[in-house]
file coords13.txt (compact mmCIF, C-alpha atoms and all ligand atoms)
# COMPACT_ATOMS: atom_id res chain seq x y z
CA MET S 1 -16.60 -0.70 70.87
CA LYS S 2 -17.66 -2.55 67.73
CA ILE S 3 -20.89 -4.34 66.93
CA LEU S 4 -20.56 -7.40 64.70
CA VAL S 5 -23.42 -7.88 62.25
CA THR S 6 -23.20 -11.27 60.57
CA GLY S 7 -25.10 -11.34 57.31
CA GLY S 8 -24.86 -7.55 57.28
CA THR S 9 -25.08 -7.28 53.49
CA GLY S 10 -28.33 -9.28 53.42
CA PHE S 11 -31.90 -8.00 53.48
CA ILE S 12 -32.56 -7.46 57.19
CA GLY S 13 -28.85 -7.18 58.01
CA SER S 14 -28.23 -4.22 55.70
CA HIS S 15 -31.21 -2.28 57.05
CA THR S 16 -30.02 -2.97 60.59
CA VAL S 17 -26.49 -1.75 59.78
CA VAL S 18 -28.00 1.53 58.58
CA GLU S 19 -30.03 2.00 61.77
CA LEU S 20 -27.04 1.09 63.97
CA GLN S 21 -24.74 3.53 62.20
CA GLN S 22 -27.34 6.27 62.41
CA LYS S 23 -27.41 5.71 66.18
CA GLY S 24 -23.64 6.06 66.36
CA PHE S 25 -22.59 2.40 66.61
CA GLU S 26 -19.45 1.24 64.83
CA VAL S 27 -20.36 -1.78 62.73
CA VAL S 28 -18.27 -4.67 61.46
CA ILE S 29 -19.93 -6.94 58.90
CA ALA S 30 -19.02 -10.57 58.36
CA ASP S 31 -20.78 -12.08 55.37
CA ASN S 32 -19.85 -14.77 52.83
CA LEU S 33 -21.87 -12.98 50.09
CA SER S 34 -23.70 -16.23 49.28
CA ASN S 35 -26.99 -14.36 48.93
CA SER S 36 -25.93 -10.72 48.70
CA SER S 37 -23.42 -8.52 46.93
CA LEU S 38 -20.62 -6.13 47.82
CA ASP S 39 -22.53 -3.23 46.20
CA VAL S 40 -24.66 -3.14 49.34
CA LEU S 41 -21.68 -1.61 51.17
CA ASP S 42 -21.69 1.34 48.73
CA LYS S 43 -25.43 1.76 49.23
CA ILE S 44 -25.12 1.71 53.02
CA THR S 45 -22.32 4.28 52.75
CA LYS S 46 -24.50 6.47 50.51
CA ILE S 47 -27.32 6.42 53.06
CA THR S 48 -25.32 6.94 56.24
CA GLY S 49 -22.09 8.55 55.05
CA ILE S 50 -20.14 5.84 56.88
CA ARG S 51 -18.60 2.77 55.26
CA PRO S 52 -18.96 -0.24 57.54
CA ILE S 53 -15.92 -2.44 58.08
CA PHE S 54 -16.43 -5.57 55.99
CA SER S 55 -14.88 -9.01 56.06
CA LYS S 56 -15.83 -11.71 53.57
CA THR S 57 -16.02 -14.61 55.98
CA ASP S 58 -17.71 -17.99 55.87
CA LEU S 59 -18.80 -18.49 59.44
CA SER S 60 -19.58 -22.14 58.84
CA ILE S 61 -15.81 -22.72 58.59
CA GLN S 62 -14.30 -22.75 62.05
CA ASP S 63 -10.81 -21.53 61.09
CA GLU S 64 -12.21 -18.61 59.11
CA THR S 65 -14.46 -17.67 62.00
CA ARG S 66 -11.55 -17.81 64.47
CA THR S 67 -9.36 -15.72 62.20
CA PHE S 68 -12.13 -13.16 61.84
CA PHE S 69 -12.69 -12.81 65.59
CA SER S 70 -8.98 -12.53 66.33
CA LYS S 71 -8.75 -9.65 63.84
CA PHE S 72 -11.43 -7.74 65.76
CA PRO S 73 -10.78 -8.21 69.48
CA ASP S 74 -12.92 -5.19 70.39
CA ILE S 75 -16.29 -6.65 69.31
CA HIS S 76 -18.68 -6.03 72.17
CA ALA S 77 -21.90 -7.54 70.84
CA VAL S 78 -22.96 -9.79 67.98
CA ILE S 79 -26.15 -9.52 65.93
CA HIS S 80 -26.36 -12.81 64.09
CA PHE S 81 -28.36 -12.81 60.84
CA ALA S 82 -26.17 -14.94 58.58
CA ALA S 83 -28.26 -17.97 57.63
CA TYR S 84 -30.07 -19.61 54.75
CA LYS S 85 -33.81 -18.93 54.74
CA ALA S 86 -35.54 -20.56 51.78
CA VAL S 87 -38.10 -22.92 53.27
CA GLY S 88 -38.62 -25.03 50.11
CA GLU S 89 -34.90 -25.42 49.44
CA SER S 90 -34.38 -26.56 53.03
CA VAL S 91 -36.76 -29.48 52.41
CA ASP S 92 -34.68 -30.59 49.39
CA LEU S 93 -31.29 -29.87 50.93
CA PRO S 94 -31.62 -30.37 54.69
CA LEU S 95 -27.91 -30.88 55.35
CA LYS S 96 -27.07 -27.61 53.60
CA TYR S 97 -29.37 -25.86 56.07
CA TYR S 98 -28.33 -27.72 59.21
CA ARG S 99 -24.64 -27.34 58.37
CA ASN S 100 -24.75 -23.68 57.50
CA ASN S 101 -27.26 -22.37 60.01
CA LEU S 102 -26.20 -24.45 63.01
CA VAL S 103 -22.47 -24.93 62.47
CA SER S 104 -21.98 -21.20 61.96
CA LEU S 105 -23.93 -20.48 65.11
CA MET S 106 -21.73 -22.88 67.08
CA ASN S 107 -18.56 -21.43 65.58
CA ILE S 108 -19.68 -17.94 66.57
CA LEU S 109 -20.59 -19.04 70.09
CA GLN S 110 -17.20 -20.72 70.47
CA CYS S 111 -15.49 -17.44 69.55
CA ILE S 112 -17.86 -15.46 71.76
CA LYS S 113 -16.70 -17.66 74.62
CA GLU S 114 -13.00 -17.37 73.75
CA HIS S 115 -13.23 -13.58 73.49
CA ALA S 116 -15.69 -13.18 76.40
CA ILE S 117 -18.16 -11.21 74.27
CA PRO S 118 -21.11 -10.44 76.55
CA TYR S 119 -24.10 -10.00 74.21
CA LEU S 120 -25.85 -11.72 71.31
CA VAL S 121 -29.00 -10.82 69.38
CA PHE S 122 -30.33 -13.72 67.34
CA SER S 123 -32.50 -13.68 64.26
CA SER S 124 -35.31 -16.17 64.93
CA SER S 125 -38.70 -16.58 63.33
CA CYS S 126 -42.40 -17.00 63.98
CA THR S 127 -41.96 -20.30 62.18
CA VAL S 128 -41.12 -21.78 65.61
CA TYR S 129 -44.84 -21.53 66.52
CA GLY S 130 -46.07 -23.56 63.52
CA GLN S 131 -49.87 -23.13 63.38
CA PRO S 132 -50.55 -21.66 66.85
CA ASP S 133 -53.53 -22.94 68.87
CA SER S 134 -54.69 -19.40 69.55
CA LEU S 135 -54.12 -16.00 67.95
CA PRO S 136 -52.50 -13.57 68.36
CA VAL S 137 -49.59 -15.78 69.36
CA ASP S 138 -47.41 -14.68 72.28
CA GLU S 139 -43.92 -15.75 73.30
CA SER S 140 -45.18 -18.33 75.80
CA ALA S 141 -46.96 -20.37 73.10
CA PRO S 142 -45.65 -23.91 72.70
CA ILE S 143 -42.99 -24.58 70.11
CA LYS S 144 -44.58 -26.94 67.56
CA LYS S 145 -42.80 -29.56 65.50
CA ALA S 146 -41.02 -27.67 62.73
CA LEU S 147 -42.58 -27.91 59.27
CA SER S 148 -39.24 -27.66 57.46
CA PRO S 149 -35.51 -28.10 58.12
CA TYR S 150 -35.24 -24.30 57.92
CA GLY S 151 -37.79 -23.96 60.72
CA ASN S 152 -36.02 -26.66 62.67
CA THR S 153 -32.72 -24.77 62.45
CA LYS S 154 -34.41 -21.79 64.13
CA GLN S 155 -35.84 -23.98 66.91
CA ILE S 156 -32.55 -25.78 67.52
CA ALA S 157 -30.60 -22.51 67.37
CA GLU S 158 -32.83 -21.02 70.07
CA GLU S 159 -32.13 -24.09 72.25
CA ILE S 160 -28.37 -23.99 71.60
CA ILE S 161 -28.21 -20.30 72.56
CA THR S 162 -30.33 -20.81 75.66
CA ASP S 163 -28.14 -23.72 76.85
CA PHE S 164 -24.99 -21.73 76.08
CA CYS S 165 -26.18 -18.71 78.06
CA GLU S 166 -26.81 -20.90 81.10
CA VAL S 167 -23.14 -21.82 81.41
CA THR S 168 -21.43 -18.64 80.23
CA LYS S 169 -21.59 -14.94 81.01
CA MET S 170 -23.24 -14.17 77.69
CA LYS S 171 -26.76 -12.75 77.55
CA ALA S 172 -28.90 -13.24 74.48
CA VAL S 173 -32.11 -11.93 72.99
CA LEU S 174 -33.99 -14.09 70.50
CA LEU S 175 -36.10 -12.01 68.13
CA ARG S 176 -38.90 -13.91 66.43
CA TYR S 177 -39.70 -12.08 63.20
CA PHE S 178 -43.05 -12.43 61.55
CA ASN S 179 -42.93 -11.57 57.80
CA PRO S 180 -40.39 -8.81 57.10
CA ILE S 181 -41.04 -7.01 53.81
CA GLY S 182 -40.51 -3.58 52.21
CA ALA S 183 -37.34 -1.62 51.66
CA HIS S 184 -35.46 1.44 52.90
CA GLU S 185 -37.10 4.77 51.99
CA SER S 186 -34.02 5.71 49.93
CA SER S 187 -34.71 2.66 47.69
CA LEU S 188 -30.96 2.02 47.82
CA ILE S 189 -31.23 -1.23 49.78
CA GLY S 190 -33.94 -3.90 49.80
CA GLU S 191 -34.62 -7.56 49.28
CA LEU S 192 -32.62 -9.07 46.43
CA PRO S 193 -33.58 -12.70 45.95
CA ILE S 194 -31.27 -14.73 43.77
CA GLY S 195 -33.25 -16.70 41.16
CA ILE S 196 -37.01 -17.18 41.34
CA PRO S 197 -38.32 -15.71 44.59
CA SER S 198 -40.31 -17.95 46.90
CA ASN S 199 -41.56 -15.14 49.13
CA LEU S 200 -44.72 -13.25 48.32
CA ILE S 201 -43.54 -9.64 48.06
CA PRO S 202 -40.58 -10.09 45.70
CA PHE S 203 -42.79 -12.31 43.54
CA ILE S 204 -45.44 -9.60 43.44
CA THR S 205 -43.01 -6.81 42.53
CA GLN S 206 -41.22 -8.94 39.93
CA THR S 207 -44.57 -9.82 38.34
CA ALA S 208 -45.62 -6.17 38.29
CA ILE S 209 -42.37 -5.08 36.64
CA GLY S 210 -42.71 -7.78 33.99
CA LYS S 211 -40.01 -10.16 35.17
CA ARG S 212 -42.56 -12.91 36.00
CA GLU S 213 -45.60 -13.69 33.91
CA PHE S 214 -48.12 -14.03 36.73
CA LEU S 215 -48.34 -14.50 40.47
CA ASN S 216 -49.46 -17.79 42.00
CA VAL S 217 -51.70 -17.42 45.02
CA TRP S 218 -51.14 -20.58 47.01
CA GLY S 219 -54.64 -21.63 48.08
CA ASN S 220 -57.95 -19.84 48.57
CA ASP S 221 -59.70 -22.54 50.60
CA TYR S 222 -58.25 -21.65 54.02
CA ASP S 223 -60.49 -20.92 56.97
CA THR S 224 -59.98 -17.14 56.63
CA PRO S 225 -62.40 -14.37 55.51
CA ASP S 226 -61.29 -14.45 51.84
CA GLY S 227 -59.87 -17.98 51.86
CA THR S 228 -56.21 -16.97 51.44
CA ALA S 229 -53.57 -17.42 54.13
CA ILE S 230 -52.93 -14.68 56.69
CA ARG S 231 -49.54 -13.37 57.88
CA ASP S 232 -48.27 -10.53 60.02
CA TYR S 233 -46.23 -8.49 57.52
CA ILE S 234 -43.80 -6.03 59.08
CA HIS S 235 -41.65 -3.32 57.49
CA VAL S 236 -37.97 -4.27 57.45
CA VAL S 237 -37.01 -0.84 58.82
CA ASP S 238 -39.23 -1.44 61.85
CA ILE S 239 -37.49 -4.78 62.33
CA ALA S 240 -34.08 -3.09 61.98
CA LYS S 241 -35.00 -0.49 64.59
CA ALA S 242 -36.03 -3.23 67.00
CA HIS S 243 -32.47 -4.58 66.81
CA VAL S 244 -31.04 -1.25 67.90
CA THR S 245 -33.48 -1.08 70.81
CA THR S 246 -32.64 -4.66 71.76
CA LEU S 247 -28.92 -3.97 71.59
CA GLU S 248 -29.31 -0.92 73.82
CA ARG S 249 -31.28 -3.01 76.30
CA LEU S 250 -28.43 -5.52 76.46
CA LEU S 251 -25.69 -2.87 76.67
CA ASN S 252 -27.56 -1.07 79.46
CA GLU S 253 -27.93 -4.35 81.36
CA SER S 254 -31.65 -3.58 81.67
CA SER S 255 -32.49 -7.19 82.41
CA ASN S 256 -30.86 -9.85 84.54
CA LYS S 257 -32.31 -12.67 82.44
CA LYS S 258 -29.79 -14.81 80.56
CA THR S 259 -32.11 -15.18 77.57
CA GLU S 260 -35.12 -13.14 76.49
CA VAL S 261 -37.52 -13.73 73.59
CA PHE S 262 -39.60 -11.13 71.73
CA ASN S 263 -42.05 -11.30 68.86
CA LEU S 264 -41.43 -8.70 66.15
CA GLY S 265 -44.66 -8.13 64.27
CA THR S 266 -47.32 -5.46 63.89
CA GLY S 267 -50.02 -7.49 65.62
CA VAL S 268 -52.21 -7.28 62.50
CA GLY S 269 -52.74 -10.11 60.02
CA TYR S 270 -53.36 -9.61 56.30
CA SER S 271 -54.39 -12.19 53.72
CA VAL S 272 -52.55 -12.72 50.46
CA LEU S 273 -55.41 -11.02 48.59
CA GLN S 274 -55.25 -8.02 50.93
CA VAL S 275 -51.52 -7.68 50.24
CA ILE S 276 -52.23 -7.81 46.50
CA GLN S 277 -54.92 -5.12 46.89
CA SER S 278 -52.57 -2.88 48.86
CA PHE S 279 -49.85 -3.36 46.24
CA GLU S 280 -52.21 -2.55 43.36
CA LYS S 281 -53.50 0.55 45.14
CA MET S 282 -50.04 1.90 45.98
CA SER S 283 -48.34 1.05 42.67
CA GLY S 284 -51.21 1.64 40.30
CA VAL S 285 -50.28 -1.64 38.59
CA LYS S 286 -52.87 -4.39 38.13
CA LEU S 287 -51.44 -7.79 38.98
CA ASP S 288 -52.11 -10.91 36.98
CA TYR S 289 -52.60 -13.58 39.61
CA ARG S 290 -53.94 -17.14 39.55
CA ILE S 291 -55.30 -19.22 42.37
CA LYS S 292 -53.32 -22.44 42.79
CA PRO S 293 -53.44 -25.30 45.30
CA ARG S 294 -52.04 -24.71 48.79
CA ARG S 295 -48.25 -24.69 49.14
CA PRO S 296 -47.10 -27.65 51.27
CA GLY S 297 -45.91 -26.60 54.73
CA ASP S 298 -47.77 -23.26 54.79
CA VAL S 299 -49.66 -22.39 57.96
CA GLU S 300 -53.18 -21.05 57.60
CA LYS S 301 -52.91 -17.91 59.69
CA VAL S 302 -50.50 -16.34 62.12
CA TRP S 303 -50.08 -12.90 63.65
CA ALA S 304 -48.20 -11.66 66.65
CA ASP S 305 -49.07 -10.61 70.14
CA THR S 306 -46.59 -7.74 70.34
CA GLN S 307 -47.28 -6.60 73.91
CA LEU S 308 -44.02 -7.90 75.30
CA ALA S 309 -41.88 -6.10 72.73
CA ASN S 310 -44.05 -2.97 73.05
CA GLN S 311 -43.84 -2.85 76.84
CA VAL S 312 -40.46 -4.35 77.69
CA LEU S 313 -38.41 -3.22 74.69
CA GLY S 314 -40.38 0.00 74.30
CA TRP S 315 -40.55 -0.68 70.57
CA LYS S 316 -43.56 -0.64 68.28
CA ALA S 317 -43.87 -1.21 64.55
CA GLU S 318 -44.77 2.12 62.93
CA LYS S 319 -45.27 1.46 59.24
CA ASP S 320 -48.50 0.11 57.76
CA LEU S 321 -49.09 -2.34 54.93
CA ASP S 322 -49.43 0.37 52.27
CA GLU S 323 -46.05 1.84 53.22
CA MET S 324 -44.57 -1.65 53.03
CA THR S 325 -45.91 -2.48 49.57
CA LEU S 326 -45.05 0.97 48.21
CA SER S 327 -41.46 0.82 49.45
CA ALA S 328 -41.08 -2.69 47.97
CA TRP S 329 -42.36 -1.36 44.64
CA ASN S 330 -40.01 1.65 44.70
CA TRP S 331 -37.13 -0.75 45.35
CA GLU S 332 -38.10 -2.96 42.40
CA LYS S 333 -38.29 0.12 40.16
CA HIS S 334 -34.87 1.20 41.41
CA LEU S 335 -33.47 -2.22 40.45
CA LYS S 336 -34.96 -1.84 36.99
CA SER S 337 -33.38 1.59 36.60
CA LEU S 338 -30.01 0.01 37.36
CA GLY S 339 -30.58 -2.46 34.56
CA THR S 340 -30.72 -5.51 36.81
CA LEU S 341 -33.96 -6.68 35.13
C1 LIG S 401 -41.51 -18.21 55.42
C2 LIG S 401 -41.16 -18.77 56.76
C3 LIG S 401 -40.57 -17.71 57.64
C4 LIG S 401 -39.37 -17.14 56.95
C5 LIG S 401 -39.76 -16.61 55.58
C6 LIG S 401 -38.49 -16.15 54.86
C7 LIG S 401 -42.45 -20.62 57.63
C8 LIG S 401 -43.75 -21.05 58.20
N1 LIG S 401 -42.35 -19.32 57.38
O1 LIG S 401 -42.58 -17.30 55.60
O2 LIG S 401 -40.17 -18.24 58.86
O3 LIG S 401 -38.81 -16.12 57.73
O4 LIG S 401 -40.39 -17.62 54.82
O5 LIG S 401 -38.13 -16.92 53.80
O6 LIG S 401 -41.55 -21.39 57.48
N2 LIG S 401 -47.54 -16.81 48.74
C9 LIG S 401 -48.27 -16.88 47.57
N3 LIG S 401 -47.60 -16.84 46.38
C10 LIG S 401 -46.24 -16.73 46.30
C11 LIG S 401 -45.50 -16.65 47.50
C12 LIG S 401 -46.17 -16.70 48.70
O7 LIG S 401 -49.49 -16.99 47.59
O8 LIG S 401 -45.68 -16.71 45.20
C13 LIG S 401 -48.25 -16.83 50.03
C14 LIG S 401 -47.83 -17.99 50.92
O9 LIG S 401 -48.58 -19.13 50.65
C15 LIG S 401 -48.09 -17.37 52.30
C16 LIG S 401 -47.80 -15.89 52.12
O10 LIG S 401 -47.89 -15.65 50.72
O11 LIG S 401 -49.43 -17.53 52.64
C17 LIG S 401 -46.42 -15.49 52.59
O12 LIG S 401 -45.47 -16.36 52.03
P1 LIG S 401 -43.89 -16.07 52.13
O13 LIG S 401 -43.61 -14.68 51.73
O14 LIG S 401 -43.21 -17.15 51.35
O15 LIG S 401 -43.56 -16.19 53.66
P2 LIG S 401 -43.89 -17.36 54.71
O16 LIG S 401 -44.01 -18.68 54.05
O17 LIG S 401 -45.04 -16.91 55.54

call {"tool": "encode", "arguments": {"input": "coords13.txt", "output": "structure tokens"}}
result
Amino acid sequence: MKILVTGGTGFIGSHTVVELQQKGFEVVIADNLSNSSLDVLDKITKITGIRPIFSKTDLSIQDETRTFFSKFPDIHAVIHFAAYKAVGESVDLPLKYYRNNLVSLMNILQCIKEHAIPYLVFSSSCTVYGQPDSLPVDESAPIKKALSPYGNTKQIAEEIITDFCEVTKMKAVLLRYFNPIGAHESSLIGELPIGIPSNLIPFITQTAIGKREFLNVWGNDYDTPDGTAIRDYIHVVDIAKAHVTTLERLLNESSNKKTEVFNLGTGVGYSVLQVIQSFEKMSGVKLDYRIKPRRPGDVEKVWADTQLANQVLGWKAEKDLDEMTLSAWNWEKHLKSLGTL
């Protein structure tokens, strides 16, 4: 019985492959390597002692997707990460995002139907809530108009999967991640943004290591205690573990619902300045940062109500902000030691 992890060489995908293998699952990765590299397979193998099966496949191309699925007829569940995720780029290149994120989903679902694969775990995002009316936000909160094409692909994908489940035997779980950060404790895998990072943590670590001159803090006039925006940062290994728990729930047929939705967060919000403070404390490096105007499309504050995931999945985030910033720093230092600076 094989578990397909699409995007398995990416940031969250690679950490999830490690957790799956450590729980005894046999993993097949399909990834087009558009935002990751083959080295990740060596790193996964170093951590777990098991080399995952890998196929370089572009899932947005129907023929390639079909060929891939016919090569692996014993896939029993799919964890679908493969997608573009840069919010700003999605505003400039909406078709790139709609084509890649939605066409690949539909190609996968078509193959899931043809091969009667019973389970799907989908990588969604708290972006579907926009700026929630009340906090913490739970899964029943209304879906607000998306602030970017990227966000819209997550909303539409959730709808496509839900509609698909209604008319097929497949069951799906939609996992809405808050802000995944940090890296594996081995420092062998982590987030590897190509080009200038748009996310906070890689920008912080690249500034601290000397790759960027200074960090921009996007706005300090929000209605928050220190004026900077608040997010629910969650360690990527906690997110990865939630996928294993979710998969086990599906495989055990623990629910008769066609589709379930869970927030994956810690339930605690931190401001940008608090993240900087945690980073400085854990790394011992003082960051040069400058306050700049707000970034268009950013929400003011969001953090998760995690009760559903805690109670129903029996999963809880374990790592705190300091562990997240330290692991991200160790990963950046590891990259420097490899000469990737
Ligand atoms: C966004 C998406 C989220 C997606 C994630 C991955 C939205 C609303 N959120 O999260 O769904 O999963 O990207 O790409 O679409 N910041 C700075 N300086 C920087 C970078 C960031 O101050 O150089 C601030 C931002 O303004 C924000 C916080 O740090 O307040 C976190 O930003 P970021 O890491 O980019 O994540 P989100 O925008 O929250």

call {"tool": "residues_around", "arguments": {"input": "coords13.txt", "residues": "Leu326 (chain S)", "least_positions_apart": "4", "cutoff": "7 Å", "atoms": "all atoms listed in the file", "output": "ChimeraX atom specification"}}
result
/S:279,282-283,322,330

call {"tool": "atom_distance", "arguments": {"input": "coords13.txt", "atom1": "CA of Glu300 (chain S)", "atom2": "atom C5 of ligand LIG 401 (chain S)"}}
result
14.3 Å

call {"tool": "residues_around", "arguments": {"input": "coords13.txt", "residues": "region 33-47 of chain S", "least_positions_apart": "2", "cutoff": "8 Å", "atoms": "all atoms listed in the file", "output": "mmCIF file with C-alpha atoms, keeping the file's coordinate frame"}}
result
data_model
loop_
_atom_site.group_PDB
_atom_site.id
_atom_site.type_symbol
_atom_site.label_atom_id
_atom_site.label_comp_id
_atom_site.auth_asym_id
_atom_site.auth_seq_id
_atom_site.Cartn_x
_atom_site.Cartn_y
_atom_site.Cartn_z
ATOM 1 C CA THR S 9 -25.080 -7.280 53.490
ATOM 2 C CA GLY S 10 -28.330 -9.280 53.420
ATOM 3 C CA SER S 14 -28.230 -4.220 55.700
ATOM 4 C CA VAL S 17 -26.490 -1.750 59.780
ATOM 5 C CA VAL S 18 -28.000 1.530 58.580
ATOM 6 C CA ASP S 31 -20.780 -12.080 55.370
ATOM 7 C CA GLY S 49 -22.090 8.550 55.050
ATOM 8 C CA ILE S 50 -20.140 5.840 56.880
ATOM 9 C CA ARG S 51 -18.600 2.770 55.260
ATOM 10 C CA PRO S 52 -18.960 -0.240 57.540
ATOM 11 C CA LYS S 56 -15.830 -11.710 53.570
ATOM 12 C CA SER S 186 -34.020 5.710 49.930
ATOM 13 C CA LEU S 188 -30.960 2.020 47.820
ATOM 14 C CA ILE S 189 -31.230 -1.230 49.780
ATOM 15 C CA LEU S 192 -32.620 -9.070 46.430
ATOM 16 C CA PRO S 193 -33.580 -12.700 45.950
ATOM 17 C CA ILE S 194 -31.270 -14.730 43.770
#

call {"tool": "closest_residue", "arguments": {"input": "coords13.txt", "among": "S:Tyr98, S:Phe25, S:Trp218, S:Phe68", "to": "ligand LIG 401 (chain S)", "atoms": "all atoms listed in the file"}}
result
S:Trp218

call {"tool": "residues_near_ligand", "arguments": {"input": "coords13.txt", "ligand": "ligand LIG 401 (chain S)", "cutoff": "6 Å", "atoms": "all atoms listed in the file", "output": "compact mmCIF listing (two decimals) with C-alpha atoms, in the frame of the given file"}}
result
# COMPACT_ATOMS: atom_id res chain seq x y z
CA LYS S 85 -33.81 -18.93 54.74
CA ALA S 86 -35.54 -20.56 51.78
CA VAL S 87 -38.10 -22.92 53.27
CA SER S 125 -38.70 -16.58 63.33
CA CYS S 126 -42.40 -17.00 63.98
CA THR S 127 -41.96 -20.30 62.18
CA GLY S 151 -37.79 -23.96 60.72
CA SER S 198 -40.31 -17.95 46.90
CA ASN S 199 -41.56 -15.14 49.13
CA LEU S 200 -44.72 -13.25 48.32
CA PHE S 203 -42.79 -12.31 43.54
CA LEU S 215 -48.34 -14.50 40.47
CA ASN S 216 -49.46 -17.79 42.00
CA VAL S 217 -51.70 -17.42 45.02
CA TRP S 218 -51.14 -20.58 47.01
CA ALA S 229 -53.57 -17.42 54.13
CA VAL S 272 -52.55 -12.72 50.46
CA ARG S 295 -48.25 -24.69 49.14
CA ASP S 298 -47.77 -23.26 54.79

call {"tool": "closest_residue", "arguments": {"input": "coords13.txt", "among": "S:Ser123, S:Arg290, S:Leu313, S:Ser104", "to": "Glu213 (chain S)", "atoms": "only C-alpha atoms"}}
result
S:Arg290

call {"tool": "atom_distance", "arguments": {"input": "coords13.txt", "atom1": "CA of Asp232 (chain S)", "atom2": "CA of Phe262 (chain S)"}}
result
14.6 Å

call {"tool": "atom_distance", "arguments": {"input": "coords13.txt", "atom1": "CA of Val236 (chain S)", "atom2": "CA of Leu20 (chain S)"}}
result
13.8 Å

call {"tool": "closest_residue", "arguments": {"input": "coords13.txt", "among": "S:Ala172, S:Leu105, S:Val285, S:Leu135", "to": "Val302 (chain S)", "atoms": "only C-alpha atoms"}}
result
S:Leu135

call {"tool": "residues_near_point", "arguments": {"input": "coords13.txt", "point": "(-8.6, -12.4, 61.6)", "cutoff": "12 Å", "atoms": "all atoms listed in the file", "output": "ChimeraX atom specification"}}
result
/S:30,54-57,62-73,111

call {"tool": "closest_residue", "arguments": {"input": "coords13.txt", "among": "S:Val91, S:Val268, S:Leu287, S:Ile181", "to": "Gly210 (chain S)", "atoms": "only C-alpha atoms"}}
result
S:Leu287

call {"tool": "closest_residue", "arguments": {"input": "coords13.txt", "among": "S:Gly314, S:Tyr270, S:Trp303, S:Val244", "to": "Lys23 (chain S)", "atoms": "only C-alpha atoms"}}
result
S:Val244

call {"tool": "residues_around", "arguments": {"input": "coords13.txt", "residues": "Ile53 (chain S)", "least_positions_apart": "4", "cutoff": "7 Å", "atoms": "all atoms listed in the file", "output": "count of residues only"}}
result
3

call {"tool": "closest_residue", "arguments": {"input": "coords13.txt", "among": "S:Pro132, S:Gly269, S:Pro149, S:Gly227", "to": "Gly88 (chain S)", "atoms": "all atoms listed in the file"}}
result
S:Pro149

call {"tool": "axis_aligned_box", "arguments": {"input": "coords13.txt", "around": "region 143-162 of chain S", "padding_each_side": "6 Å", "output": "JSON"}}
result
{"center_x": -36.4, "center_y": -24.9, "center_z": 66.6, "size_x": 28.4, "size_y": 21.3, "size_z": 30.2}
